[in-house]
Amino acid sequence: MARCFVFPGQGSQSVGMGRALAEAFPSAREVFEEVDDALQRRLSKIMWEGPAEDLNLTVNTQPALMAHSLAMVRVLEREAKVDFADARFLAGHSLGEYSALCAARAIGLAETARLLNTRGQAMQAAVPAGEGAMAALLGLDIAAAEKAIAETDAGLGVCEIANDNAPGQVVISGAKARVEAAADAAKKHGAKMAKLLAVSAPFHCSMMAPAADVMAKALAAATIAAPAAPIVANVTARPVEAPSDIRDLLVKQVTGRVRWTESVDYMAREGADKFIEIGSGKVLAGLIKRIAKDAAILSLGEPADIDAFLK
């Protein structure tokens, strides 16, 4: 089987994430300690003990999800002798792309933690609280979602497609009034549900331009190598290898669409027939089932999951 490793994004976090892994494996514990040291704060304590309000702060959520994913990567490398360089592809959803790059040895762990800390701060600061929003449109395709947006008053502000997550699951992002209007319009186009999301900022739209500027500077100063295995980028849904291209696409990703449907479809068409989700939750597994219906799918986040993987 041609294996792909995929890494979750924001929304997969939960209090207690990674704790059992750290208790079971010294190699996982080392990862959490290294991330804590890099950030100069006890992120692991927030991950394991909460409160949820603190974990859900973007500046904590982003490096926390990466830390859990990379702890599992480290365990798989040392305990199961997995070489991520042998993967057919790696990919991550939004911040998960940083996790994928770290797993593929393109960016070091401490540097990845610091970049995500900066990214979380910048994305939170880009738009004043209450001015932006995101909404999930269920049961619509991209074309119908774009029609719903086009029917709304452009004077209300920005509204753009942020995530193409799976067939029938599109997320829009932008100015709160315009997103609410587009969500209402989506129902007229056959959306089964149009639900505002509990997020602190309108991610992956042009309102994030200030955050993209911050990340351009941070990524220019970062040490990035060519990945050991192909990374499928969110923005293009195609592999990226050159460090200069990785930097460019990570900057564009802040304001650009997460093309997850296209990314998974590309990997499947290129021979990937087993997708392994690494880290918190099973969100990506659920999405992949709707895109690559014949693929084998496994989620690895807890110690017991390693036995299932080895079998």
# chains A, B, ... in the order shown; residues from 1 in each chain; ligands from 1
$ residues_around --residues "Lys195 in chain A" --least-positions-apart "5" --cutoff "7 Å" --atoms "only C-alpha atoms" --output "CSV table (one decimal) with C-alpha atoms, in the first residue's frame"
chain,number,residue,atom,x,y,z
A,135,ALA,CA,-19.6,29.5,8.6
A,136,ALA,CA,-19.8,25.9,7.5
A,137,LEU,CA,-22.1,25.3,4.5
$ select_by_dssp --residues "range 15-205 of chain A" --states "strand (DSSP E or B)" --output "PyMOL selection string"
chain A and resi 89-92+132-138+159-166+169-175+193-196
$ write_last_selection --atoms "N, CA and C atoms" --output "compact mmCIF listing (two decimals), in the first residue's frame"
# COMPACT_ATOMS: atom_id res chain seq x y z
N PHE A 89 3.07 10.55 0.21
CA PHE A 89 2.87 11.99 0.40
C PHE A 89 2.66 12.27 1.88
N LEU A 90 2.89 13.53 2.27
CA LEU A 90 2.42 14.06 3.54
C LEU A 90 1.63 15.32 3.24
N ALA A 91 0.63 15.58 4.07
CA ALA A 91 -0.18 16.80 3.90
C ALA A 91 -0.81 17.14 5.23
N GLY A 92 -1.12 18.41 5.42
CA GLY A 92 -1.79 18.83 6.65
C GLY A 92 -2.84 19.86 6.34
N GLY A 132 -15.10 39.67 12.37
CA GLY A 132 -15.03 38.60 11.39
C GLY A 132 -15.83 37.38 11.82
N ALA A 133 -16.04 36.47 10.88
CA ALA A 133 -16.78 35.23 11.17
C ALA A 133 -16.46 34.18 10.12
N MET A 134 -16.77 32.94 10.45
CA MET A 134 -16.69 31.84 9.51
C MET A 134 -17.96 31.01 9.63
N ALA A 135 -18.36 30.38 8.53
CA ALA A 135 -19.56 29.54 8.56
C ALA A 135 -19.34 28.30 7.71
N ALA A 136 -19.84 27.17 8.20
CA ALA A 136 -19.80 25.92 7.45
C ALA A 136 -21.09 25.77 6.67
N LEU A 137 -20.96 25.51 5.38
CA LEU A 137 -22.12 25.28 4.51
C LEU A 137 -22.13 23.79 4.17
N LEU A 138 -23.11 23.08 4.67
CA LEU A 138 -23.18 21.64 4.46
C LEU A 138 -24.19 21.31 3.36
N CYS A 159 -16.19 38.32 1.85
CA CYS A 159 -16.70 36.96 2.11
C CYS A 159 -16.11 36.05 1.04
N GLU A 160 -15.35 35.08 1.47
CA GLU A 160 -14.62 34.21 0.55
C GLU A 160 -14.69 32.76 1.02
N ILE A 161 -14.44 31.85 0.10
CA ILE A 161 -14.38 30.43 0.47
C ILE A 161 -13.03 30.17 1.13
N ALA A 162 -13.07 29.71 2.36
CA ALA A 162 -11.86 29.47 3.14
C ALA A 162 -11.39 28.03 3.03
N ASN A 163 -12.31 27.08 3.12
CA ASN A 163 -11.97 25.66 3.11
C ASN A 163 -12.88 24.91 2.16
N ASP A 164 -12.29 24.12 1.29
CA ASP A 164 -13.03 23.11 0.53
C ASP A 164 -12.67 21.78 1.18
N ASN A 165 -13.44 21.41 2.20
CA ASN A 165 -13.04 20.30 3.08
C ASN A 165 -13.35 18.93 2.52
N ALA A 166 -14.51 18.80 1.86
CA ALA A 166 -14.95 17.52 1.33
C ALA A 166 -16.19 17.81 0.48
N GLN A 169 -19.06 19.97 1.95
CA GLN A 169 -18.66 20.70 3.14
C GLN A 169 -17.70 21.83 2.75
N VAL A 170 -18.25 23.03 2.71
CA VAL A 170 -17.51 24.23 2.33
C VAL A 170 -17.57 25.20 3.50
N VAL A 171 -16.45 25.87 3.79
CA VAL A 171 -16.41 26.88 4.84
C VAL A 171 -16.13 28.24 4.23
N ILE A 172 -16.93 29.24 4.62
CA ILE A 172 -16.72 30.60 4.14
C ILE A 172 -16.21 31.46 5.28
N SER A 173 -15.55 32.56 4.91
CA SER A 173 -14.89 33.39 5.92
C SER A 173 -14.89 34.84 5.46
N GLY A 174 -14.97 35.76 6.45
CA GLY A 174 -14.92 37.17 6.09
C GLY A 174 -15.57 38.06 7.13
N ALA A 175 -16.07 39.20 6.68
CA ALA A 175 -16.74 40.14 7.57
C ALA A 175 -18.03 39.51 8.10
N MET A 193 -27.41 22.74 5.91
CA MET A 193 -27.14 23.50 7.13
C MET A 193 -26.14 24.60 6.79
N ALA A 194 -26.32 25.76 7.38
CA ALA A 194 -25.38 26.86 7.26
C ALA A 194 -25.14 27.37 8.68
N LYS A 195 -24.00 27.01 9.24
CA LYS A 195 -23.76 27.20 10.67
C LYS A 195 -22.54 28.07 10.91
N LEU A 196 -22.71 29.14 11.70
CA LEU A 196 -21.57 29.95 12.10
C LEU A 196 -20.67 29.12 13.01
$ closest_atom_pairs --of "range 164-225 of chain A" --to "range 9-13 of chain A" --cutoff "10 Å" --atoms "only C-alpha atoms" --output "JSON lines"
{"residue": "A:Leu197", "atom": "CA", "partner": "A:Gly11", "partner_atom": "CA", "distance": 10.0}
{"residue": "A:Ala198", "atom": "CA", "partner": "A:Gly11", "partner_atom": "CA", "distance": 9.4}
{"residue": "A:Val199", "atom": "CA", "partner": "A:Gly11", "partner_atom": "CA", "distance": 9.0}
$ residues_around --residues "Glu262 in chain A" --least-positions-apart "6" --cutoff "10 Å" --atoms "only C-alpha atoms" --output "list of chain:residue names"
A:Asp164, A:Asn165, A:Ala166, A:Asn234, A:Val235, A:Thr236, A:Ala237, A:Arg238, A:Ala268, A:Ile291
$ residues_around --residues "Leu300 in chain A" --least-positions-apart "3" --cutoff "9 Å" --atoms "only C-alpha atoms" --output "ChimeraX atom specification"
/A:69,72,276-282,303-306,308-309
$ residues_around --residues "range 208-214 of chain A" --least-positions-apart "4" --cutoff "12 Å" --atoms "only C-alpha atoms" --output "PDB file with C-alpha atoms, in the first residue's frame"
ATOM      1  CA  LEU A 115       6.461  29.723  13.777  1.00  0.00           C
ATOM      2  CA  LEU A 116       3.028  28.457  14.828  1.00  0.00           C
ATOM      3  CA  ASN A 117       3.127  30.609  17.947  1.00  0.00           C
ATOM      4  CA  THR A 118       3.807  33.634  15.737  1.00  0.00           C
ATOM      5  CA  ARG A 119       1.140  32.522  13.258  1.00  0.00           C
ATOM      6  CA  GLY A 120      -1.453  32.133  16.012  1.00  0.00           C
ATOM      7  CA  GLN A 121      -0.697  35.558  17.468  1.00  0.00           C
ATOM      8  CA  ALA A 122      -0.727  37.224  14.055  1.00  0.00           C
ATOM      9  CA  MET A 123      -3.972  35.616  12.908  1.00  0.00           C
ATOM     10  CA  GLN A 124      -5.691  36.538  16.161  1.00  0.00           C
ATOM     11  CA  ALA A 125      -4.481  40.151  15.947  1.00  0.00           C
ATOM     12  CA  ALA A 126      -5.280  40.654  12.248  1.00  0.00           C
ATOM     13  CA  VAL A 127      -8.988  41.386  12.755  1.00  0.00           C
ATOM     14  CA  PRO A 128     -10.591  43.030  15.830  1.00  0.00           C
ATOM     15  CA  GLY A 132     -15.030  38.596  11.393  1.00  0.00           C
ATOM     16  CA  ALA A 133     -16.779  35.231  11.170  1.00  0.00           C
ATOM     17  CA  VAL A 158     -15.224  40.460   2.480  1.00  0.00           C
ATOM     18  CA  GLU A 160     -14.621  34.211   0.547  1.00  0.00           C
ATOM     19  CA  ALA A 162     -11.861  29.469   3.141  1.00  0.00           C
ATOM     20  CA  SER A 173     -14.889  33.389   5.919  1.00  0.00           C
ATOM     21  CA  GLY A 174     -14.916  37.174   6.094  1.00  0.00           C
ATOM     22  CA  ALA A 175     -16.735  40.141   7.568  1.00  0.00           C
ATOM     23  CA  ALA A 201     -11.112  35.281  13.672  1.00  0.00           C
ATOM     24  CA  PRO A 202     -11.971  34.906   9.957  1.00  0.00           C
ATOM     25  CA  PHE A 203      -9.174  32.569   8.890  1.00  0.00           C
ATOM     26  CA  HIS A 204      -8.102  31.890   5.295  1.00  0.00           C
ATOM     27  CA  ALA A 218       9.027  35.043  10.146  1.00  0.00           C
ATOM     28  CA  LEU A 219       9.369  32.483   7.360  1.00  0.00           C
ATOM     29  CA  ALA A 220      12.097  34.495   5.625  1.00  0.00           C
ATOM     30  CA  ALA A 221      14.173  34.170   8.792  1.00  0.00           C
ATOM     31  CA  ARG A 247       7.957  29.771   2.247  1.00  0.00           C
ATOM     32  CA  ASP A 248       5.873  31.402  -0.474  1.00  0.00           C
ATOM     33  CA  LEU A 249       2.983  28.948  -0.177  1.00  0.00           C
ATOM     34  CA  LEU A 250       2.908  29.094   3.624  1.00  0.00           C
ATOM     35  CA  VAL A 251       2.517  32.876   3.381  1.00  0.00           C
ATOM     36  CA  LYS A 252      -0.221  32.542   0.761  1.00  0.00           C
ATOM     37  CA  GLN A 253      -1.943  29.892   2.903  1.00  0.00           C
ATOM     38  CA  VAL A 254      -2.765  32.509   5.581  1.00  0.00           C
ATOM     39  CA  THR A 255      -5.195  34.290   3.250  1.00  0.00           C
ATOM     40  CA  GLY A 256      -5.761  31.460   0.753  1.00  0.00           C
ATOM     41  CA  ARG A 257      -8.201  28.612   0.424  1.00  0.00           C
TER      42      ARG A 257
END
$ residues_around --residues "Ser44 in chain A" --least-positions-apart "6" --cutoff "10 Å" --atoms "only C-alpha atoms" --output "MDAnalysis selection string"
chainID A and resid 16:19 22 29 31:33 35:36 50 55 60 64 67:68
$ closest_residue --among "A:Pro63, A:Gly271, A:Gly301, A:Gly96" --to "Met1 in chain A" --atoms "only C-alpha atoms"
A:Gly271
$ select_by_dssp --residues "range 177-282 of chain A" --states "helix (DSSP H, G or I)" --output "MDAnalysis selection string"
chainID A and resid 177:188 206:221 243:255 260:269
$ write_last_selection --atoms "C-alpha atoms" --output "short mmCIF file (atom, residue, chain, number, x, y, z; two decimals), in the first residue's frame"
data_model
loop_
_atom_site.label_atom_id
_atom_site.label_comp_id
_atom_site.auth_asym_id
_atom_site.auth_seq_id
_atom_site.Cartn_x
_atom_site.Cartn_y
_atom_site.Cartn_z
CA ALA A 177 -22.38 40.68 8.38
CA ARG A 178 -21.46 39.38 4.91
CA VAL A 179 -20.79 35.83 6.15
CA GLU A 180 -24.18 35.80 7.92
CA ALA A 181 -25.88 37.03 4.73
CA ALA A 182 -24.10 34.41 2.62
CA ALA A 183 -25.07 31.68 5.09
CA ASP A 184 -28.73 32.71 4.72
CA ALA A 185 -28.39 32.77 0.92
CA ALA A 186 -26.79 29.32 0.95
CA LYS A 187 -29.99 27.83 2.36
CA LYS A 188 -31.84 29.02 -0.75
CA SER A 206 -8.10 38.35 2.57
CA MET A 207 -8.85 39.94 5.96
CA MET A 208 -5.85 37.95 7.21
CA ALA A 209 -3.45 40.02 5.06
CA PRO A 210 -1.75 41.61 8.12
CA ALA A 211 -1.01 38.12 9.44
CA ALA A 212 0.40 37.08 6.07
CA ASP A 213 2.82 40.02 6.26
CA VAL A 214 3.96 38.90 9.71
CA MET A 215 4.47 35.33 8.51
CA ALA A 216 6.40 36.47 5.44
CA LYS A 217 9.00 38.00 7.76
CA ALA A 218 9.03 35.04 10.15
CA LEU A 219 9.37 32.48 7.36
CA ALA A 220 12.10 34.49 5.63
CA ALA A 221 14.17 34.17 8.79
CA PRO A 243 12.36 25.78 0.36
CA SER A 244 11.64 29.07 -1.41
CA ASP A 245 8.34 27.68 -2.70
CA ILE A 246 7.48 26.30 0.74
CA ARG A 247 7.96 29.77 2.25
CA ASP A 248 5.87 31.40 -0.47
CA LEU A 249 2.98 28.95 -0.18
CA LEU A 250 2.91 29.09 3.62
CA VAL A 251 2.52 32.88 3.38
CA LYS A 252 -0.22 32.54 0.76
CA GLN A 253 -1.94 29.89 2.90
CA VAL A 254 -2.76 32.51 5.58
CA THR A 255 -5.19 34.29 3.25
CA TRP A 260 -8.40 19.78 1.03
CA THR A 261 -10.76 18.00 -1.34
CA GLU A 262 -8.41 18.63 -4.24
CA SER A 263 -5.37 17.64 -2.18
CA VAL A 264 -6.78 14.26 -1.12
CA ASP A 265 -8.11 13.62 -4.61
CA TYR A 266 -4.68 14.35 -6.07
CA MET A 267 -2.94 11.99 -3.64
CA ALA A 268 -5.44 9.23 -4.36
CA ARG A 269 -5.08 9.65 -8.12
#
$ atom_distance --atom1 "CA of Thr112 in chain A" --atom2 "CA of Val6 in chain A"
16.5 Å
$ closest_residue --among "A:Ala113, A:Ala154, A:Ala296, A:Ile288" --to "Arg41 in chain A" --atoms "only C-alpha atoms"
A:Ala113
$ closest_residue --among "A:Ala24, A:Ser14, A:Ala2, A:Tyr98" --to "Ile46 in chain A" --atoms "only C-alpha atoms"
A:Ser14
